[in-house]
file my_file-v3.txt (compact mmCIF, C-alpha atoms)
# COMPACT_ATOMS: atom_id res chain seq x y z
CA ALA A 1 91.00 72.25 55.32
CA GLN A 2 88.19 70.62 53.43
CA THR A 3 84.73 70.40 55.00
CA VAL A 4 81.71 68.46 53.88
CA THR A 5 78.22 69.46 54.99
CA GLN A 6 75.07 67.39 54.81
CA SER A 7 72.19 69.51 56.05
CA GLN A 8 69.54 66.78 56.12
CA PRO A 9 70.02 64.48 59.12
CA GLU A 10 67.02 62.33 58.18
CA MET A 11 64.83 61.84 55.14
CA SER A 12 62.12 59.45 54.10
CA VAL A 13 60.63 58.48 50.77
CA GLN A 14 57.91 56.17 49.58
CA GLU A 15 58.93 53.09 47.69
CA ALA A 16 59.23 53.75 43.94
CA GLU A 17 59.47 57.51 44.46
CA THR A 18 62.47 59.77 43.88
CA VAL A 19 64.52 61.43 46.61
CA THR A 20 67.41 63.89 46.54
CA LEU A 21 70.07 64.12 49.24
CA SER A 22 72.05 67.33 49.54
CA CYS A 23 75.75 67.92 50.10
CA THR A 24 77.94 70.98 50.01
CA TYR A 25 81.68 71.16 50.44
CA ASP A 26 84.36 73.74 50.88
CA THR A 27 87.76 73.58 49.23
CA SER A 28 90.31 75.72 47.45
CA GLU A 29 91.51 72.77 45.40
CA ASN A 30 90.77 72.33 41.72
CA ASN A 31 91.58 68.64 41.36
CA TYR A 32 89.45 66.45 43.60
CA TYR A 33 86.87 63.69 43.80
CA LEU A 34 83.43 63.53 45.35
CA PHE A 35 81.66 60.40 46.50
CA TRP A 36 78.45 59.10 47.95
CA TYR A 37 78.80 56.10 50.23
CA LYS A 38 75.99 53.97 51.63
CA GLN A 39 76.09 52.34 55.05
CA PRO A 40 73.19 49.92 55.64
CA PRO A 41 72.30 49.16 59.25
CA SER A 42 75.09 47.14 60.89
CA ARG A 43 76.86 46.64 57.57
CA GLN A 44 79.94 48.04 55.96
CA MET A 45 80.19 51.17 53.86
CA ILE A 46 79.99 50.71 50.12
CA LEU A 47 80.51 53.15 47.29
CA VAL A 48 77.38 54.35 45.53
CA ILE A 49 78.77 56.80 43.02
CA ARG A 50 81.90 58.84 42.27
CA GLN A 51 82.49 62.15 40.47
CA GLU A 52 85.80 63.60 39.29
CA ALA A 53 85.81 67.37 39.62
CA TYR A 54 87.35 67.91 36.20
CA LYS A 55 84.43 66.16 34.52
CA GLN A 56 81.48 68.40 33.75
CA GLN A 57 79.16 65.51 33.02
CA ASN A 58 77.22 64.29 36.03
CA ALA A 59 77.92 60.70 37.05
CA THR A 60 75.16 58.11 36.82
CA GLU A 61 74.96 54.55 38.16
CA ASN A 62 71.67 52.85 37.36
CA ARG A 63 69.06 54.44 39.66
CA PHE A 64 71.61 56.78 41.25
CA SER A 65 72.72 60.06 39.74
CA VAL A 66 74.39 63.21 40.97
CA ASN A 67 73.98 66.91 40.32
CA PHE A 68 77.49 68.34 40.53
CA GLN A 69 77.66 72.13 40.63
CA LYS A 70 81.36 72.95 40.89
CA ALA A 71 81.04 76.70 41.19
CA ALA A 72 78.43 76.35 43.92
CA LYS A 73 80.40 73.50 45.56
CA SER A 74 77.28 71.39 45.63
CA PHE A 75 77.00 67.65 45.08
CA SER A 76 73.53 66.16 45.48
CA LEU A 77 72.48 62.53 45.07
CA LYS A 78 69.24 61.57 43.36
CA ILE A 79 67.80 58.12 43.94
CA SER A 80 65.11 57.16 41.47
CA ASP A 81 62.57 54.37 41.90
CA SER A 82 63.51 54.01 45.57
CA GLN A 83 63.65 50.47 46.92
CA LEU A 84 63.39 49.14 50.46
CA GLY A 85 67.04 48.08 50.22
CA ASP A 86 68.04 51.71 49.79
CA THR A 87 67.31 52.29 53.48
CA ALA A 88 70.68 53.28 54.95
CA MET A 89 72.91 56.10 56.09
CA TYR A 90 74.30 58.02 53.13
CA PHE A 91 77.58 59.87 53.45
CA CYS A 92 78.94 62.48 51.09
CA ALA A 93 82.73 62.47 50.91
CA PHE A 94 85.53 64.60 49.46
CA MET A 95 89.02 63.59 48.46
CA LYS A 96 91.89 65.58 47.05
CA HIS A 97 93.77 63.68 44.39
CA ASN A 98 95.87 60.93 45.98
CA ASN A 99 95.05 62.10 49.49
CA ASP A 100 92.76 61.12 52.35
CA MET A 101 88.95 61.15 52.29
CA ARG A 102 86.73 63.38 54.45
CA PHE A 103 83.09 62.61 55.18
CA GLY A 104 79.97 64.56 56.00
CA ALA A 105 77.81 63.76 59.02
CA GLY A 106 75.42 61.66 56.96
CA THR A 107 71.75 61.52 56.04
CA ARG A 108 69.58 58.69 57.33
CA LEU A 109 67.27 57.63 54.53
CA THR A 110 64.23 55.49 55.19
CA VAL A 111 62.29 54.00 52.30
CA LYS A 112 58.71 53.30 53.30
CA PRO A 113 56.63 50.55 51.72
CA ASP B 1 90.44 37.83 48.32
CA THR B 2 87.38 38.50 50.44
CA GLY B 3 87.91 42.19 51.05
CA VAL B 4 89.09 44.22 54.02
CA SER B 5 88.99 42.30 57.28
CA GLN B 6 89.19 43.69 60.80
CA ASP B 7 89.79 41.97 64.09
CA PRO B 8 88.34 41.87 66.67
CA ARG B 9 84.86 42.88 65.61
CA HIS B 10 83.95 43.93 69.12
CA LYS B 11 86.14 44.74 72.09
CA ILE B 12 84.94 45.57 75.59
CA THR B 13 87.58 46.90 77.94
CA LYS B 14 87.92 48.77 81.20
CA ARG B 15 89.08 52.34 81.33
CA GLY B 16 92.86 52.54 81.46
CA GLN B 17 93.53 49.33 79.55
CA ASN B 18 95.32 49.14 76.22
CA VAL B 19 93.63 47.75 73.12
CA THR B 20 94.90 46.85 69.68
CA PHE B 21 92.95 46.46 66.45
CA ARG B 22 94.17 44.75 63.34
CA CYS B 23 93.26 45.43 59.73
CA ASP B 24 94.07 43.26 56.72
CA PRO B 25 93.52 45.22 53.50
CA ILE B 26 92.77 43.92 50.04
CA SER B 27 96.06 42.35 49.01
CA GLU B 28 96.94 44.53 46.03
CA HIS B 29 96.00 47.79 47.77
CA ASN B 30 98.93 49.96 48.82
CA ARG B 31 96.85 52.55 50.71
CA LEU B 32 95.37 51.87 54.12
CA TYR B 33 93.18 54.24 56.15
CA TRP B 34 91.87 54.33 59.69
CA TYR B 35 88.67 56.17 60.63
CA ARG B 36 86.67 56.51 63.83
CA GLN B 37 82.89 56.61 63.73
CA THR B 38 80.57 57.39 66.61
CA LEU B 39 76.87 56.57 66.56
CA GLY B 40 74.94 58.60 64.02
CA GLN B 41 78.02 60.45 62.76
CA GLY B 42 80.21 60.27 59.71
CA PRO B 43 83.64 58.63 59.82
CA GLU B 44 86.38 60.88 61.17
CA PHE B 45 89.78 60.54 59.56
CA LEU B 46 92.56 59.30 61.86
CA THR B 47 95.52 58.36 59.69
CA TYR B 48 96.58 56.74 56.45
CA PHE B 49 99.50 54.81 55.00
CA GLN B 50 101.04 54.48 51.59
CA ASN B 51 102.72 51.07 51.82
CA GLU B 52 104.55 51.21 55.19
CA ALA B 53 104.85 55.00 55.31
CA GLN B 54 102.39 56.89 57.49
CA LEU B 55 101.60 59.90 55.34
CA GLU B 56 99.17 61.85 57.49
CA LYS B 57 97.83 61.86 61.03
CA SER B 58 94.77 63.74 62.20
CA ARG B 59 94.97 66.09 65.14
CA LEU B 60 92.27 63.82 66.60
CA LEU B 61 94.96 61.18 67.00
CA SER B 62 96.27 61.92 70.47
CA ASP B 63 99.53 60.57 71.86
CA ARG B 64 97.60 57.59 73.22
CA PHE B 65 96.90 56.41 69.67
CA SER B 66 99.50 54.80 67.47
CA ALA B 67 99.19 53.06 64.14
CA GLU B 68 101.66 50.93 62.28
CA ARG B 69 101.90 49.13 58.99
CA PRO B 70 105.31 47.50 59.33
CA LYS B 71 105.57 45.59 56.07
CA GLY B 72 103.08 47.49 54.01
CA SER B 73 100.45 44.80 54.39
CA PHE B 74 98.31 44.56 57.55
CA SER B 75 98.05 47.44 59.99
CA THR B 76 97.48 47.77 63.72
CA LEU B 77 95.87 50.59 65.64
CA GLU B 78 96.71 50.69 69.35
CA ILE B 79 94.98 52.81 71.94
CA GLN B 80 96.77 53.13 75.26
CA ARG B 81 95.13 54.01 78.56
CA THR B 82 91.66 53.91 77.06
CA GLU B 83 89.06 56.47 78.09
CA GLN B 84 85.27 56.26 77.84
CA GLY B 85 85.40 58.84 75.06
CA ASP B 86 87.32 56.34 72.95
CA SER B 87 84.19 54.20 72.64
CA ALA B 88 83.43 54.13 68.91
CA MET B 89 83.57 52.05 65.78
CA TYR B 90 87.06 51.97 64.29
CA LEU B 91 86.93 51.54 60.54
CA CYS B 92 89.71 50.43 58.26
CA ALA B 93 89.68 50.99 54.51
CA SER B 94 92.09 50.28 51.70
CA SER B 95 92.58 51.52 48.18
CA LEU B 96 94.96 51.73 45.31
CA GLY B 97 97.20 54.80 45.43
CA LEU B 98 99.54 56.69 43.12
CA ALA B 99 99.37 55.26 39.58
CA GLY B 100 96.41 53.06 40.41
CA PHE B 101 94.46 55.78 42.17
CA THR B 102 90.72 55.81 41.57
CA GLY B 103 89.65 57.40 44.82
CA GLU B 104 87.43 54.51 45.86
CA LEU B 105 87.93 53.24 49.38
CA PHE B 106 86.96 49.68 50.32
CA PHE B 107 85.85 49.43 53.93
CA GLY B 108 85.98 46.65 56.47
CA GLU B 109 83.09 45.95 58.81
CA GLY B 110 84.78 47.79 61.65
CA SER B 111 85.94 47.07 65.18
CA ARG B 112 83.57 48.32 67.85
CA LEU B 113 85.24 49.47 71.05
CA THR B 114 83.32 49.82 74.29
CA VAL B 115 85.21 51.32 77.22
CA LEU B 116 83.54 50.75 80.58
call {"tool": "encode", "arguments": {"input": "my_file-v3.txt", "output": "structure tokens"}}
result
Amino acid sequence: AQTVTQSQPEMSVQEAETVTLSCTYDTSENNYYLFWYKQPPSRQMILVIRQEAYKQQNATENRFSVNFQKAAKSFSLKISDSQLGDTAMYFCAFMKHNNDMRFGAGTRLTVKP
Amino acid sequence: DTGVSQDPRHKITKRGQNVTFRCDPISEHNRLYWYRQTLGQGPEFLTYFQNEAQLEKSRLLSDRFSAERPKGSFSTLEIQRTEQGDSAMYLCASSLGLAGFTGELFFGEGSRLTVL
């Protein structure tokens, strides 16, 4: 079974600063996907960034980037130039190819003005 | 298409009653997922469908829970004889599967269940 661990229940960052959220996972699979989803207060989950395990290059989406360490089974999210709208729960997720998605417990990020 | 829609958004019921939630996925999506989320926790996988076929069910899904997707479009999740521990947000998500697979799930806003 796949497990996803987020060891930081809560984090805070000053506006315009950079913050890194941690995630580790456990799997014996070789072909899989990793995701970071954002869930703003009382709003639906939306995808932040996606990484295919077979790609060595780290994914980047504007201010969001990941550090994917396949051997270490680590998948951290870096948010640069943090904005107040980044305040949300962030969930790391794992998916085997064409299968179901499993989530970590989440990290509550607060961006302070 | 406005995305994944769920109904009702909030349901309050008494212990022992049956409840049913409906999910309408994005029209071209052949995959549909149900998750349960309690306050401050990540979504827990319940079940998913490829078209009308239910491909996997979590061990969390007791005999009181049943999900259907009869024509491969909308889905229902029924909880029989509700218990207070069933109080949670029930999330539906859809995606492309098989040849169109990208891994991205599109979520609805959820149906919040409160069991008194």
call {"tool": "interface_residues", "arguments": {"input": "my_file-v3.txt", "of": "chain A", "to": "chain B", "cutoff": "7 Å", "atoms": "only C-alpha atoms", "output": "JSON, numbers by chain"}}
result
{"A": [33, 43, 44, 45, 91, 98, 102, 103, 104, 105, 106]}
call {"tool": "closest_residue", "arguments": {"input": "my_file-v3.txt", "among": "B:Ser94, B:Ser87, B:Thr2, B:Thr82", "to": "Asn18 of chain B", "atoms": "all atoms listed in the file"}}
result
B:Thr82
call {"tool": "closest_residue", "arguments": {"input": "my_file-v3.txt", "among": "B:Leu61, B:Leu116, B:Val4, B:Met89", "to": "Glu28 of chain B", "atoms": "all atoms listed in the file"}}
result
B:Val4
call {"tool": "residues_around", "arguments": {"input": "my_file-v3.txt", "residues": "Tyr32 of chain A", "least_positions_apart": "2", "cutoff": "12 Å", "atoms": "all atoms listed in the file", "output": "PyMOL selection string"}}
result
(chain A and resi 2+25-30+34-35+50-55+70+73+93-102) or (chain B and resi 101-103)
call {"tool": "axis_aligned_box", "arguments": {"input": "my_file-v3.txt", "around": "segment 57-64 of chain B", "padding_each_side": "3 Å", "output": "AutoDock Vina command-line options"}}
result
--center_x 95.9 --center_y 61.8 --center_z 67.1 --size_x 13.3 --size_y 14.5 --size_z 18.2
call {"tool": "residues_around", "arguments": {"input": "my_file-v3.txt", "residues": "Met89 of chain A", "least_positions_apart": "3", "cutoff": "7 Å", "atoms": "all atoms listed in the file", "output": "PDB file with C-alpha atoms, in the frame of the given file"}}
result
ATOM      1  CA  LYS A  38      75.990  53.970  51.630  1.00  0.00           C
ATOM      2  CA  GLN A  39      76.090  52.340  55.050  1.00  0.00           C
ATOM      3  CA  PRO A  40      73.190  49.920  55.640  1.00  0.00           C
ATOM      4  CA  GLY A 106      75.420  61.660  56.960  1.00  0.00           C
ATOM      5  CA  THR A 107      71.750  61.520  56.040  1.00  0.00           C
ATOM      6  CA  ARG A 108      69.580  58.690  57.330  1.00  0.00           C
ATOM      7  CA  LEU A 109      67.270  57.630  54.530  1.00  0.00           C
TER       8      LEU A 109
END
call {"tool": "residues_around", "arguments": {"input": "my_file-v3.txt", "residues": "Lys14 of chain B", "least_positions_apart": "3", "cutoff": "12 Å", "atoms": "all atoms listed in the file", "output": "mmCIF file with C-alpha atoms, in the frame of the given file"}}
result
data_model
loop_
_atom_site.group_PDB
_atom_site.id
_atom_site.type_symbol
_atom_site.label_atom_id
_atom_site.label_comp_id
_atom_site.auth_asym_id
_atom_site.auth_seq_id
_atom_site.Cartn_x
_atom_site.Cartn_y
_atom_site.Cartn_z
ATOM 1 C CA LYS B 11 86.140 44.740 72.090
ATOM 2 C CA GLN B 17 93.530 49.330 79.550
ATOM 3 C CA ASN B 18 95.320 49.140 76.220
ATOM 4 C CA VAL B 19 93.630 47.750 73.120
ATOM 5 C CA GLN B 80 96.770 53.130 75.260
ATOM 6 C CA ARG B 81 95.130 54.010 78.560
ATOM 7 C CA THR B 82 91.660 53.910 77.060
ATOM 8 C CA GLU B 83 89.060 56.470 78.090
ATOM 9 C CA GLN B 84 85.270 56.260 77.840
ATOM 10 C CA ASP B 86 87.320 56.340 72.950
ATOM 11 C CA SER B 87 84.190 54.200 72.640
ATOM 12 C CA LEU B 113 85.240 49.470 71.050
ATOM 13 C CA THR B 114 83.320 49.820 74.290
ATOM 14 C CA VAL B 115 85.210 51.320 77.220
ATOM 15 C CA LEU B 116 83.540 50.750 80.580
#
call {"tool": "decode", "arguments": {"input": "my_file-v3.txt", "residues": "segment 19-34 of chain A", "atoms": "all heavy atoms", "output": "PDB file, in the first residue's frame"}}
result
ATOM      1  N   VAL A  19       8.738  29.672   1.038  1.00  0.00           N
ATOM      2  CA  VAL A  19       8.459  28.613   2.012  1.00  0.00           C
ATOM      3  C   VAL A  19       8.514  27.270   1.304  1.00  0.00           C
ATOM      4  O   VAL A  19       8.191  27.166   0.110  1.00  0.00           O
ATOM      5  CB  VAL A  19       7.081  28.833   2.672  1.00  0.00           C
ATOM      6  CG1 VAL A  19       5.954  28.725   1.667  1.00  0.00           C
ATOM      7  CG2 VAL A  19       6.856  27.876   3.839  1.00  0.00           C
ATOM      8  N   THR A  20       8.946  26.256   2.035  1.00  0.00           N
ATOM      9  CA  THR A  20       9.022  24.898   1.488  1.00  0.00           C
ATOM     10  C   THR A  20       8.213  23.947   2.345  1.00  0.00           C
ATOM     11  O   THR A  20       8.404  23.890   3.560  1.00  0.00           O
ATOM     12  CB  THR A  20      10.481  24.417   1.417  1.00  0.00           C
ATOM     13  OG1 THR A  20      11.216  25.295   0.536  1.00  0.00           O
ATOM     14  CG2 THR A  20      10.550  23.004   0.859  1.00  0.00           C
ATOM     15  N   LEU A  21       7.325  23.220   1.704  1.00  0.00           N
ATOM     16  CA  LEU A  21       6.498  22.215   2.378  1.00  0.00           C
ATOM     17  C   LEU A  21       7.050  20.829   2.048  1.00  0.00           C
ATOM     18  O   LEU A  21       7.362  20.548   0.891  1.00  0.00           O
ATOM     19  CB  LEU A  21       5.036  22.322   1.913  1.00  0.00           C
ATOM     20  CG  LEU A  21       4.393  23.707   1.981  1.00  0.00           C
ATOM     21  CD1 LEU A  21       2.933  23.621   1.577  1.00  0.00           C
ATOM     22  CD2 LEU A  21       4.540  24.314   3.358  1.00  0.00           C
ATOM     23  N   SER A  22       7.113  19.979   3.050  1.00  0.00           N
ATOM     24  CA  SER A  22       7.739  18.670   2.884  1.00  0.00           C
ATOM     25  C   SER A  22       6.719  17.561   2.679  1.00  0.00           C
ATOM     26  O   SER A  22       5.589  17.634   3.175  1.00  0.00           O
ATOM     27  CB  SER A  22       8.576  18.334   4.119  1.00  0.00           C
ATOM     28  OG  SER A  22       9.579  19.298   4.308  1.00  0.00           O
ATOM     29  N   CYS A  23       7.148  16.534   1.963  1.00  0.00           N
ATOM     30  CA  CYS A  23       6.311  15.360   1.732  1.00  0.00           C
ATOM     31  C   CYS A  23       7.217  14.172   1.459  1.00  0.00           C
ATOM     32  O   CYS A  23       8.190  14.282   0.703  1.00  0.00           O
ATOM     33  CB  CYS A  23       5.381  15.589   0.548  1.00  0.00           C
ATOM     34  SG  CYS A  23       4.434  14.141   0.029  1.00  0.00           S
ATOM     35  N   THR A  24       6.925  13.068   2.100  1.00  0.00           N
ATOM     36  CA  THR A  24       7.592  11.815   1.762  1.00  0.00           C
ATOM     37  C   THR A  24       6.529  10.782   1.460  1.00  0.00           C
ATOM     38  O   THR A  24       5.373  10.894   1.896  1.00  0.00           O
ATOM     39  CB  THR A  24       8.501  11.313   2.898  1.00  0.00           C
ATOM     40  OG1 THR A  24       7.722  11.128   4.078  1.00  0.00           O
ATOM     41  CG2 THR A  24       9.630  12.294   3.166  1.00  0.00           C
ATOM     42  N   TYR A  25       6.902   9.771   0.722  1.00  0.00           N
ATOM     43  CA  TYR A  25       5.945   8.745   0.339  1.00  0.00           C
ATOM     44  C   TYR A  25       6.638   7.399   0.327  1.00  0.00           C
ATOM     45  O   TYR A  25       7.879   7.319   0.307  1.00  0.00           O
ATOM     46  CB  TYR A  25       5.324   9.071  -1.027  1.00  0.00           C
ATOM     47  CG  TYR A  25       6.336   9.159  -2.141  1.00  0.00           C
ATOM     48  CD1 TYR A  25       6.606   8.075  -2.959  1.00  0.00           C
ATOM     49  CD2 TYR A  25       7.043  10.340  -2.366  1.00  0.00           C
ATOM     50  CE1 TYR A  25       7.547   8.152  -3.962  1.00  0.00           C
ATOM     51  CE2 TYR A  25       7.987  10.431  -3.364  1.00  0.00           C
ATOM     52  CZ  TYR A  25       8.235   9.340  -4.160  1.00  0.00           C
ATOM     53  OH  TYR A  25       9.181   9.417  -5.160  1.00  0.00           O
ATOM     54  N   ASP A  26       5.840   6.370   0.343  1.00  0.00           N
ATOM     55  CA  ASP A  26       6.377   5.022   0.355  1.00  0.00           C
ATOM     56  C   ASP A  26       5.681   4.208  -0.718  1.00  0.00           C
ATOM     57  O   ASP A  26       4.451   4.134  -0.737  1.00  0.00           O
ATOM     58  CB  ASP A  26       6.163   4.377   1.734  1.00  0.00           C
ATOM     59  CG  ASP A  26       6.800   3.003   1.813  1.00  0.00           C
ATOM     60  OD1 ASP A  26       7.790   2.763   1.090  1.00  0.00           O
ATOM     61  OD2 ASP A  26       6.315   2.176   2.592  1.00  0.00           O
ATOM     62  N   THR A  27       6.439   3.632  -1.620  1.00  0.00           N
ATOM     63  CA  THR A  27       5.873   2.800  -2.662  1.00  0.00           C
ATOM     64  C   THR A  27       6.937   1.865  -3.209  1.00  0.00           C
ATOM     65  O   THR A  27       8.140   2.175  -3.146  1.00  0.00           O
ATOM     66  CB  THR A  27       5.301   3.659  -3.806  1.00  0.00           C
ATOM     67  OG1 THR A  27       4.662   2.821  -4.755  1.00  0.00           O
ATOM     68  CG2 THR A  27       6.401   4.446  -4.515  1.00  0.00           C
ATOM     69  N   SER A  28       6.485   0.765  -3.772  1.00  0.00           N
ATOM     70  CA  SER A  28       7.380  -0.147  -4.476  1.00  0.00           C
ATOM     71  C   SER A  28       7.212  -0.010  -5.981  1.00  0.00           C
ATOM     72  O   SER A  28       7.876  -0.693  -6.760  1.00  0.00           O
ATOM     73  CB  SER A  28       7.094  -1.590  -4.051  1.00  0.00           C
ATOM     74  OG  SER A  28       5.741  -1.908  -4.319  1.00  0.00           O
ATOM     75  N   GLU A  29       6.331   0.896  -6.390  1.00  0.00           N
ATOM     76  CA  GLU A  29       6.071   1.114  -7.804  1.00  0.00           C
ATOM     77  C   GLU A  29       7.182   1.934  -8.442  1.00  0.00           C
ATOM     78  O   GLU A  29       7.901   2.671  -7.764  1.00  0.00           O
ATOM     79  CB  GLU A  29       4.734   1.841  -7.987  1.00  0.00           C
ATOM     80  CG  GLU A  29       3.541   1.113  -7.423  1.00  0.00           C
ATOM     81  CD  GLU A  29       3.188  -0.109  -8.228  1.00  0.00           C
ATOM     82  OE1 GLU A  29       3.431  -0.095  -9.445  1.00  0.00           O
ATOM     83  OE2 GLU A  29       2.647  -1.062  -7.649  1.00  0.00           O
ATOM     84  N   ASN A  30       7.288   1.818  -9.751  1.00  0.00           N
ATOM     85  CA  ASN A  30       8.266   2.616 -10.488  1.00  0.00           C
ATOM     86  C   ASN A  30       7.592   3.672 -11.366  1.00  0.00           C
ATOM     87  O   ASN A  30       8.194   4.696 -11.692  1.00  0.00           O
ATOM     88  CB  ASN A  30       9.128   1.706 -11.361  1.00  0.00           C
ATOM     89  CG  ASN A  30      10.414   2.373 -11.775  1.00  0.00           C
ATOM     90  OD1 ASN A  30      11.084   3.015 -10.975  1.00  0.00           O
ATOM     91  ND2 ASN A  30      10.761   2.232 -13.036  1.00  0.00           N
ATOM     92  N   ASN A  31       6.338   3.426 -11.700  1.00  0.00           N
ATOM     93  CA  ASN A  31       5.599   4.317 -12.590  1.00  0.00           C
ATOM     94  C   ASN A  31       4.456   4.941 -11.800  1.00  0.00           C
ATOM     95  O   ASN A  31       3.470   4.280 -11.487  1.00  0.00           O
ATOM     96  CB  ASN A  31       5.046   3.525 -13.783  1.00  0.00           C
ATOM     97  CG  ASN A  31       4.394   4.441 -14.798  1.00  0.00           C
ATOM     98  OD1 ASN A  31       4.589   5.648 -14.792  1.00  0.00           O
ATOM     99  ND2 ASN A  31       3.607   3.857 -15.682  1.00  0.00           N
ATOM    100  N   TYR A  32       4.623   6.230 -11.461  1.00  0.00           N
ATOM    101  CA  TYR A  32       3.610   6.878 -10.642  1.00  0.00           C
ATOM    102  C   TYR A  32       3.685   8.387 -10.823  1.00  0.00           C
ATOM    103  O   TYR A  32       4.561   8.901 -11.535  1.00  0.00           O
ATOM    104  CB  TYR A  32       3.772   6.511  -9.156  1.00  0.00           C
ATOM    105  CG  TYR A  32       5.148   6.785  -8.571  1.00  0.00           C
ATOM    106  CD1 TYR A  32       5.464   8.026  -8.025  1.00  0.00           C
ATOM    107  CD2 TYR A  32       6.122   5.786  -8.559  1.00  0.00           C
ATOM    108  CE1 TYR A  32       6.715   8.268  -7.490  1.00  0.00           C
ATOM    109  CE2 TYR A  32       7.378   6.025  -8.024  1.00  0.00           C
ATOM    110  CZ  TYR A  32       7.674   7.264  -7.490  1.00  0.00           C
ATOM    111  OH  TYR A  32       8.913   7.501  -6.957  1.00  0.00           O
ATOM    112  N   TYR A  33       2.711   9.060 -10.209  1.00  0.00           N
ATOM    113  CA  TYR A  33       2.626  10.515 -10.283  1.00  0.00           C
ATOM    114  C   TYR A  33       2.570  11.073  -8.857  1.00  0.00           C
ATOM    115  O   TYR A  33       2.022  10.436  -7.953  1.00  0.00           O
ATOM    116  CB  TYR A  33       1.353  10.951 -11.025  1.00  0.00           C
ATOM    117  CG  TYR A  33       1.280  10.486 -12.447  1.00  0.00           C
ATOM    118  CD1 TYR A  33       0.960   9.170 -12.762  1.00  0.00           C
ATOM    119  CD2 TYR A  33       1.504  11.372 -13.503  1.00  0.00           C
ATOM    120  CE1 TYR A  33       0.878   8.746 -14.077  1.00  0.00           C
ATOM    121  CE2 TYR A  33       1.416  10.959 -14.821  1.00  0.00           C
ATOM    122  CZ  TYR A  33       1.108   9.642 -15.108  1.00  0.00           C
ATOM    123  OH  TYR A  33       1.035   9.231 -16.412  1.00  0.00           O
ATOM    124  N   LEU A  34       3.073  12.266  -8.710  1.00  0.00           N
ATOM    125  CA  LEU A  34       2.982  12.983  -7.441  1.00  0.00           C
ATOM    126  C   LEU A  34       2.363  14.341  -7.697  1.00  0.00           C
ATOM    127  O   LEU A  34       2.569  14.945  -8.757  1.00  0.00           O
ATOM    128  CB  LEU A  34       4.364  13.141  -6.818  1.00  0.00           C
ATOM    129  CG  LEU A  34       5.043  11.845  -6.385  1.00  0.00           C
ATOM    130  CD1 LEU A  34       6.526  12.057  -6.190  1.00  0.00           C
ATOM    131  CD2 LEU A  34       4.396  11.305  -5.116  1.00  0.00           C
TER     132      LEU A  34
END
